[in-house]
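Peer 1: Handing you this structure, nothing more for now.
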There are 4 protein chains.
Amino acid sequence: MLVQKRTTRARKKAAQARSRATVGALVEATARILVREGFDRASTNRIAEEAGVSIGSLYQYFPGKEALVAAVIERHNHDLMQVVRQAMSEAAREPIGVGIGCLVAAAIEAHGVHPALHRVLAEQTPRTGELEGVELFHREALELFRDYLEDHRAALAVTDLDLAAFICVTSIEALTHSAVIHRPEILAGEARQRLVAETSRMIAAYLGVRDGS
Amino acid sequence: MLVQKRTTRARKKAAQARSRATVGALVEATARILVREGFDRASTNRIAEEAGVSIGSLYQYFPGKEALVAAVIERHNHDLMQVVRQAMSEAAREPIGVGIGCLVAAAIEAHGVHPALHRVLAEQTPRTGELEGVELFHREALELFRDYLEDHRAALAVTDLDLAAFICVTSIEALTHSAVIHRPEILAGEARQRLVAETSRMIAAYLGVRDGS
Amino acid sequence: MLVQKRTTRARKKAAQARSRATVGALVEATARILVREGFDRASTNRIAEEAGVSIGSLYQYFPGKEALVAAVIERHNHDLMQVVRQAMSEAAREPIGVGIGCLVAAAIEAHGVHPALHRVLAEQTPRTGELEGVELFHREALELFRDYLEDHRAALAVTDLDLAAFICVTSIEALTHSAVIHRPEILAGEARQRLVAETSRMIAAYLGVRDGS
Amino acid sequence: MLVQKRTTRARKKAAQARSRATVGALVEATARILVREGFDRASTNRIAEEAGVSIGSLYQYFPGKEALVAAVIERHNHDLMQVVRQAMSEAAREPIGVGIGCLVAAAIEAHGVHPALHRVLAEQTPRTGELEGVELFHREALELFRDYLEDHRAALAVTDLDLAAFICVTSIEALTHSAVIHRPEILAGEARQRLVAETSRMIAAYLGVRDGS
DNA sequence: CATGAATGAGTATTCATTCAT
DNA sequence: GATGAATGAATACTCATTCAT
C-alpha cells in the first residue's frame, strides 16, 4: 500500500511537474511568437508547434488564444511589478524628494525589462475580454503609489491623494512608455538623466513637496 | 459646344458625387462597425454590407481593411485637431497661466468628440503598418504646443522646449485619455474642474510659469 | 442632301477610323499585358486601362477576354505565316534539297518574330473554346507544306503525302519551338547552322529526296 | 515497454495511413476534376469536395492548387516513365533498327495511359512556377535516350549525341502527342502501324543506322 | 457611342477548435 | 493525458460583366 501510494504520489508529482513544464513552455512560446510574428500571426497551432507540444495538449491547459496571451501579460506584469516594488522599498528609505526620483527611474527601468514584448503588448494586443490585463499593472502601481503618498502626507501640499496618485502614476507611466516606444534616443546616456530629472521635478512640484522631508 | 461641355461636366460631377458618396458611406460604415462590433469583427464584407455597397465597390476605393480604418482614424484625428486648434487660438489671447488651463480643458473636450470610437481606436486598433496614424495626432499636437511654448519662452523657466513639449503633451494626453477610458466619473461636474485645475497646476509648475505673464 | 450625306459618310468614316484605332489599341494592349504580366493576370479591366480605353468600350468591341486573346493569337499567326509564305516562295525556286533547308531556317526565324509573346501563348494560354487558334497556324502551315510536297512528288520516295506532311511539319515545328523555349543557346551562331543542317537532313532522308532534283 | 512501443507505432501507422489516404484522395480528385472540368474550373474548394475531404485538410497537405496539380503531373509522369523504361529495356535486347521501332511504339502507347488527363495537362496547364514539371518527363526521356544512343554509338553515323537525342526525342514526342490530340483516327488499326513505321524510318535514317547492328 | 461606377459570384486561404485513436 | 488529423466557418480579395449617365 505504502509503496503504491508513494508511486502514485511520485507519479502525480511527476505528472504535475510535466504539466508545469508544458504550461511554461506554452507561455514562453506565446511570448516568443508574439514578439517574432506579432499578435495577429500568433495562432494556437503555431504556438503549440513552437512550444514543442501538440495542439491537443495546448487546449488541455488553456481554453484558447486569449488565455495564453493573458498568461503572458500576467507574467510580464509580474516582472514589472518586481522592479516597481523593489524601487518602492528603496524609495521608502529616502526623503520624498529623492524617493520620487527613484520611482521615476524605476519606471523607465521597468519598461526595459522586455521592451519588444512590452511593445507588442501595448501596440497590438486588443484590450478586450480577458486581455484587458494590460491595465492591471496600472492599477497595482496606482495602489502602491497611493500608499506611498499616504506615508508622506505630512510633506505634501496636495490633499486629494487619490486624484494625486492617479495624476502622478498616469503621467510617469505615459512619459516612460512614450519615451521607450517613440523616443528611444531619449533613454540613452545623459538624455536619460535629464528625462528622469525633469519628470521628477514636475511630479515633486505638483505634489508640493516640502524641502527637507 | 457649351452644352456638350456642360453635360460632360455634369456627368463627371454626377460620377464624382456618386464616388464621394460611396467613399463617405464606407468610412462611416467602418466607424459604425468599429464601435458596434470591435476591430476584429470588422470584416470588409460586413463593412460593405453596412455601407449598402457591394464588396467590389469597397475595393474600388480602398485597398483593404487597413486603409478603411486608416481613413476613419484620419477623419477622427482631423476632428480632434479642430478642437485643439480652436483652443490654441483662444489660449494665444490669454496669459500663459490661463492659456494652459484652456488647453487642458480642450484636451478633455476633444476626447469627448466621439468617445466610443476613440476608445476602439485606442484599445483595439493595432498600431502597425498604415494604422500607426493614431500617433499622428500626437505629433501634430506636439508641434502646435512647442510653438506655443516658443511664443512664451520669456515667461518660462524651462530651457529645452522640445523636451518640455514632449513632457507636457504626453502627460496631458495620457491624463485626459485615461480619465475618459478608466475614470469616466472623474469627468462629470465638479470633479472635472478639479482635474483640469490640478493638471494645469502641474504643467504650470513644471514649466516654471512666472506670474503675471 | 448631298452635303448631309457627305457629312454622314465622313462621320462614319471618322467613326470607323476611331473604331479601328480602338480595336488596335486593345489588341496591342492585350499582347503587351500578356507578355508583361502573363495570361492569368491579364484582366479585362487592366487591358482597357493599358489601352487607354474605358472598360465599357472594350466590351463594345470584344465579347470578353477570350476574344481579345484570340485576336492577339490571330495577329501573331498572321505574322508567322508571313514569314513562312515568304520562305515558301523562296523554296519554290530551288531544288527540293535546298528548299527544305530554307523552310527549316524559316521556321526558326518565324519563332523569333515575337518570342516573348510566342512563349506566353504557348505556355500559358489554355487551348479551349475560341482560344484553340494557336493550332490554326499549324493547320495552315501543314496545307502549304503539303502543296509543296505535291509539287515535288516526282523527287520523293514517300507516297502518302498527307502523312508525310504531318510528320515533317510537326517535327520541324516541335524542334524549332523546343529549341526556342528550352534551348535558346542552340539558336545562336554556329550551333544554329548545325540545328538547321541536322533537321534538314532528317527531313530529306525521311522524304527520300533524290539528289539533283 | 514493447507493447507500449507497438501501440505508439500502431497509432502512428494508423495516423500515417489516414494521412496517406487523404493525400491520395486529393490527388485523385484533382486529376478527376482536371479531366472533367478543366484546369480553370478546378478550384481548391471543388477539389476538396470531390475528394470528400474538408478544405482545411487540403491545405494541411498541399500549399495550394499549384502543388496539387504538380502532384498529379508527377504521378502522371511517373506512369509514363514506367512505360518508357519498360520499352527501353526491351529495345536494349534488340538490334538498334528494331529497338527504335520499340521506342516509337512505346511513345504512342505511353500517350494512351490516360489520354484525357494528358490532354488537359498539355493544353490547359500553364507551365509556370511549380507546374513546369510537365517538361520534366521530356528531360528524363531525353537522358534515357541519350544513354541508349551512347550504347549504340558504333552503329550510328551521327556524332553529336546530345543534339541527336534532342532531335529524336522531341520529334517522336511531338508526333505521338500531335497524333493523339489532333489525329486520333491515325492511331487506330493499320494507320497506327504506318505511323510507327514512318516515324521509325525517319529516326533511323537521321541517325544513319547501319544495317545488321 | 463612350464612360466608369457598381456588382457579386467565386477563389484561395487561415485558424480556432474538436475528437477518435 | 497526449496526439495530430480533420474540420468548416470566416475572411480578404479579384474580375468579368452590366448599365445608368
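All residue names refer to the C-alpha cells as shown: chains lettered A, B, ... in order, residues numbered from 1 in each chain, ligands numbered from 1 in order.
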Applying 12 Å and only C-alpha atoms (C1' of nucleotides), which residues near A:Glu135 remain after dropping the ones on its own chain fewer than 2 positions away? List them as a ChimeraX atom specification.
Peer 2: /A:70,73-74,76-77,121-122,125-128,130-133,137-142,170,173 /B:123,178,181-182
Peer 1: Tell me the residues of chain F close to chain A, meaning within 7 Å using only C-alpha atoms (C1' of nucleotides), as a PyMOL selection string.
Peer 2: chain F and resi 2-4
Peer 1: Select, from B:Leu58, B:Tyr148, B:Ile47, B:Phe39, the residue with the minimum atom-to-atom distance to chain A, counting only C-alpha atoms.
Peer 2: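 The closest residue to chain A is B:Phe39.
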Peer 1: Considering only C-alpha atoms (C1' of nucleotides), return as a PyMOL selection string whatever protein or nucleic-acid residues lie within 10 Å of stretch 5-16 of chain E, sequence-local ones (same chain, fewer than 6 positions apart) excluded.
Peer 2: (chain A and resi 41-46+64-65) or (chain B and resi 15-16+18-19+22+53-58+60) or (chain D and resi 43-45+55-56+59+63-65) or (chain F and resi 10-15+17-20)
Peer 1: Restricting it to C-alpha atoms (C1' of nucleotides), dump the selection as an mmCIF file, in the first residue's frame.
Peer 2:
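Output saved as selection.cif:
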```cif
data_model
loop_
_atom_site.group_PDB
_atom_site.id
_atom_site.type_symbol
_atom_site.label_atom_id
_atom_site.label_comp_id
_atom_site.auth_asym_id
_atom_site.auth_seq_id
_atom_site.Cartn_x
_atom_site.Cartn_y
_atom_site.Cartn_z
ATOM 1 C CA ARG A 41 0.020 35.904 -36.753
ATOM 2 C CA ALA A 42 0.208 34.182 -33.391
ATOM 3 C CA SER A 43 -2.092 31.238 -33.976
ATOM 4 C CA THR A 44 -2.649 28.463 -31.494
ATOM 5 C CA ASN A 45 -1.233 25.928 -33.899
ATOM 6 C CA ARG A 46 1.926 27.900 -34.336
ATOM 7 C CA GLY A 64 -7.780 29.385 -26.200
ATOM 8 C CA LYS A 65 -5.510 32.019 -27.548
ATOM 9 C CA ALA B 15 -19.997 60.485 -61.215
ATOM 10 C CA GLN B 16 -17.692 62.172 -58.781
ATOM 11 C CA ARG B 18 -21.505 59.204 -56.584
ATOM 12 C CA SER B 19 -17.929 58.223 -55.845
ATOM 13 C CA THR B 22 -19.699 55.769 -51.765
ATOM 14 C CA VAL B 53 -22.355 48.989 -51.124
ATOM 15 C CA SER B 54 -21.020 45.938 -52.879
ATOM 16 C CA ILE B 55 -17.782 44.422 -51.768
ATOM 17 C CA GLY B 56 -16.415 45.176 -55.220
ATOM 18 C CA SER B 57 -17.014 48.876 -54.768
ATOM 19 C CA LEU B 58 -15.248 48.800 -51.460
ATOM 20 C CA GLN B 60 -12.503 50.061 -55.901
ATOM 21 C CA SER D 43 -10.712 25.266 -57.548
ATOM 22 C CA THR D 44 -9.344 24.087 -54.264
ATOM 23 C CA ASN D 45 -12.815 24.041 -52.749
ATOM 24 C CA ILE D 55 -10.825 22.326 -47.364
ATOM 25 C CA GLY D 56 -8.773 22.591 -44.224
ATOM 26 C CA TYR D 59 -4.280 22.895 -47.055
ATOM 27 C CA PRO D 63 0.147 24.653 -50.037
ATOM 28 C CA GLY D 64 -2.292 25.376 -52.842
ATOM 29 C CA LYS D 65 -3.717 24.459 -56.186
ATOM 30 C "C1'" DA F 10 -14.979 33.055 -41.874
ATOM 31 C "C1'" DT F 11 -12.105 36.426 -44.468
ATOM 32 C "C1'" DA F 12 -9.743 39.117 -47.893
ATOM 33 C "C1'" DC F 13 -9.768 39.980 -52.386
ATOM 34 C "C1'" DT F 14 -10.417 39.562 -57.843
ATOM 35 C "C1'" DC F 15 -12.540 40.087 -62.082
ATOM 36 C "C1'" DT F 17 -19.555 41.964 -66.904
ATOM 37 C "C1'" DT F 18 -23.585 45.359 -66.781
ATOM 38 C "C1'" DC F 19 -25.889 49.669 -67.178
ATOM 39 C "C1'" DA F 20 -27.207 54.378 -65.898
#
```
